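The structure appears right after this line, and notes come after that.
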Amino acid sequence: MSKANDRILVLDDDAGVVSYLVEVLSAAGFTCIGESDPKRALQRAQQPDVALVVSDVEMPELRGPALLAALHAERPEVPVVLMTAFGSVDLAVSCMRAGAADFVTKPFKAEALVHAIQRVLRERALVKEVKRLKSAATAAVSARGLVAKSDAMKRVLDLAERAAKAETPVLLTGESGTGKSAVAQFIHRASGRSGSFVELNCASLPSNLVESELFGVRKGAFTDAREDRPGLFVEAEAGTLFLDEIGELPLESQPKLLAAVETRKIRAVGSSKQTTVDARLIAATNRSLEDALRNHQFRPDLYYRLNVIRIEIPPLRERREDIVPLLDAYLPQVSKRAGRDVWEIEQDAMSWLQSQYWAGNVRELLNLVERAVTLSTGGALKVESFERPSTSPTGGDPLAAAVSERWPLERLELAYVRRMLAEVGGNKAEAARVLGIDRRTLYAKLAEVPEKD
Ligand SMILES: Nc1ncnc2c1ncn2[C@@H]1O[C@H](COP(=O)(O)OP(=O)(O)OP(=O)(O)O)[C@@H](O)[C@H]1O
Ligand SMILES: [Mg+2]
């Protein structure tokens, strides 16, 4: 019955008692850790593998209520079974009030302790299961896996579902992290199209490569083109072609995309032959295409062609009802991935999460939860679990590290760019705006950033 995160910590100031209990409980199938020093035991209990503590109630350095308080301050979810001396009823009662899960009175038979432990663990498992079921029931996850509790998000999915059946292009707009890519995939799944979902981020490619990427290359078209290469339109045959950050599509490529959408025919770079394609087009942007139109960075004819079915995804702060169901939906999988047994977020923390601005929208919310879960020992997440990383790692002058380590200017620049991106919750448009550079430049800089410092 013992799993790695199912250990029982046995604490008694008498080392003889500890080894006897460890022997008895091990024989009953539990994995035990024995401790006779309360301080060390409390430290050991911080580890997420400790599932239950069995402790003597009266030790020279520590009495039951203080032990419970110290343990529960860090890991309120860990049940404690106390062993009380015959006659110390008052102490037993105050320990139960302080949150002990159960107690056995000395002298006790080994089975009595084993039964108490089994009962407490069973109860805990039940409480957890009920919470899990309750959150699953209220998760408001749509049949196709997206959370939509708010009316605004329900309307988005409704529209997406209806749009899925059509052939017309769909334009998804909304701030970074609101779920444009997620909705694009939702539309693809709902469309029943048999081909693949193929994605291109228009801002991630240098402008001279956009066309060969989209339409393919004929062997010999340029020196590097040693063989025919199909483009994304061909890869997305009978499927969906998702063009992310469409506002960044170079102006000179725009007429070619328009022609492809209108005629359903493409011509590979360097080829004279046209081929017919059947790829459903979905475009997304987190900048205003209307602004791009006014600034002559986007062609009106392409704009009108793409803007037939437009789905606007509102920022998370305008649909806060989605926050709790999003957390309910993601907490179990985030915990599992991080190898942590977190199944709950305390009410205070929930309120705090619901009151934030969320410049980076759903992505920022999920990143913050992932970080909190990873840093936690298990149990419930508290407000403190969500504190954001301090803005200055050196505590003082942020340039100090750069100066003392003699950084080249480029490294400092990259560090600043990445930091700003984190500061605005991963919102690239916002980061570019603050940094005073355009998004293509931001991407170019980020592409040079190595994985680690
Ligand atoms: N309604 C939702 N239900 C469940 N998960 C969601 C929902 N909306 C967004 N997400 C998740 O949030 C994260 C960010 O969403 P997504 O990448 O789709 O945002 P985006 O609008 O495409 O951002 P960007 O503009 O930066 O490309 C993803 O992990 C996505 O799965
Ligand atoms: Mg996206």
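By order of appearance in the structure tokens: chains A, B, ..., then residues from 1 within every chain, and ligands from 1 in the order shown.
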For this session: For A:Ser191, work out the shell of residues within 12 Å, counting only C-alpha atoms and skipping chain neighbours fewer than 5 positions away, then give it as a list of chain:residue names.
Result: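 Once the nearby chain positions are removed, what remains is A:Arg144, A:Ala160, A:Glu161, A:Arg162, A:Ala163, A:Ala164, A:Lys165, A:Ala166, A:Glu167, A:Thr168, A:Ala184, A:Gln185, A:Phe186, A:Ser196, A:Phe197, A:Ala238, A:Gly239, A:Thr240, A:Ala279, A:Arg280, A:Leu281, A:Ile282.
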For this session: Write out as a PyMOL selection string each polymer residue (protein, DNA or RNA) that has an atom no more than 7 Å from ligand 1, with only C-alpha atoms and all ligand atoms counted.
Result: chain A and resi 145-148+174-183+244+285-286+326+362-363+366+427-428
Would you save the residues of that selection, restricted to C-alpha atoms, as a JSON list (two decimals), in the first residue's frame?
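Final output, saved to again-v4.json:
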```
[["chain", "number", "residue", "atom", "x", "y", "z"],
["A", 145, "GLY", "CA", -11.75, 20.98, -23.42],
["A", 146, "LEU", "CA", -11.92, 24.75, -23.06],
["A", 147, "VAL", "CA", -13.15, 26.50, -19.93],
["A", 148, "ALA", "CA", -16.11, 28.79, -20.49],
["A", 174, "GLY", "CA", -7.67, 39.45, -28.29],
["A", 175, "GLU", "CA", -4.79, 40.33, -26.00],
["A", 176, "SER", "CA", -1.84, 38.00, -25.61],
["A", 177, "GLY", "CA", -2.65, 34.89, -23.57],
["A", 178, "THR", "CA", -6.44, 35.17, -23.89],
["A", 179, "GLY", "CA", -6.66, 31.83, -25.72],
["A", 180, "LYS", "CA", -6.56, 32.65, -29.43],
["A", 181, "SER", "CA", -4.37, 29.65, -30.25],
["A", 182, "ALA", "CA", -6.53, 27.47, -28.00],
["A", 183, "VAL", "CA", -9.71, 28.63, -29.76],
["A", 244, "ASP", "CA", -0.76, 33.66, -35.83],
["A", 285, "THR", "CA", -3.74, 38.96, -33.96],
["A", 286, "ASN", "CA", -3.22, 40.70, -30.64],
["A", 326, "LEU", "CA", -9.69, 27.52, -15.00],
["A", 362, "VAL", "CA", -4.89, 33.03, -18.99],
["A", 363, "ARG", "CA", -1.25, 32.28, -19.78],
["A", 366, "LEU", "CA", -1.47, 29.36, -15.44],
["A", 427, "ASN", "CA", 2.64, 39.80, -23.41],
["A", 428, "LYS", "CA", 5.02, 40.38, -26.35]]
```
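Among the candidates A:Ala28, A:Leu302, A:Cys202, A:Val334, the one nearest to ligand 2 when counting only C-alpha atoms and all ligand atoms is A:Cys202.
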For this session: Would you mind telling me which residue in A:Gly436, A:Gly360, A:Pro230, A:Pro300 lies nearest to ligand 2 when using only C-alpha atoms and all ligand atoms?
Result: A:Gly360
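Residues with any atom within 10 Å of A:Ala110, counting only C-alpha atoms and excluding same-chain neighbours fewer than 4 positions away, are A:Tyr20, A:Leu21, A:Val24, A:Leu25, A:Ala28, A:Val114, A:His115.
Comparing the minimum interatomic distances between ligand 2 and each of A:Glu213, A:Glu262, A:Glu199, A:Glu384, counting only C-alpha atoms and all ligand atoms, we find that A:Glu199 sits nearest.
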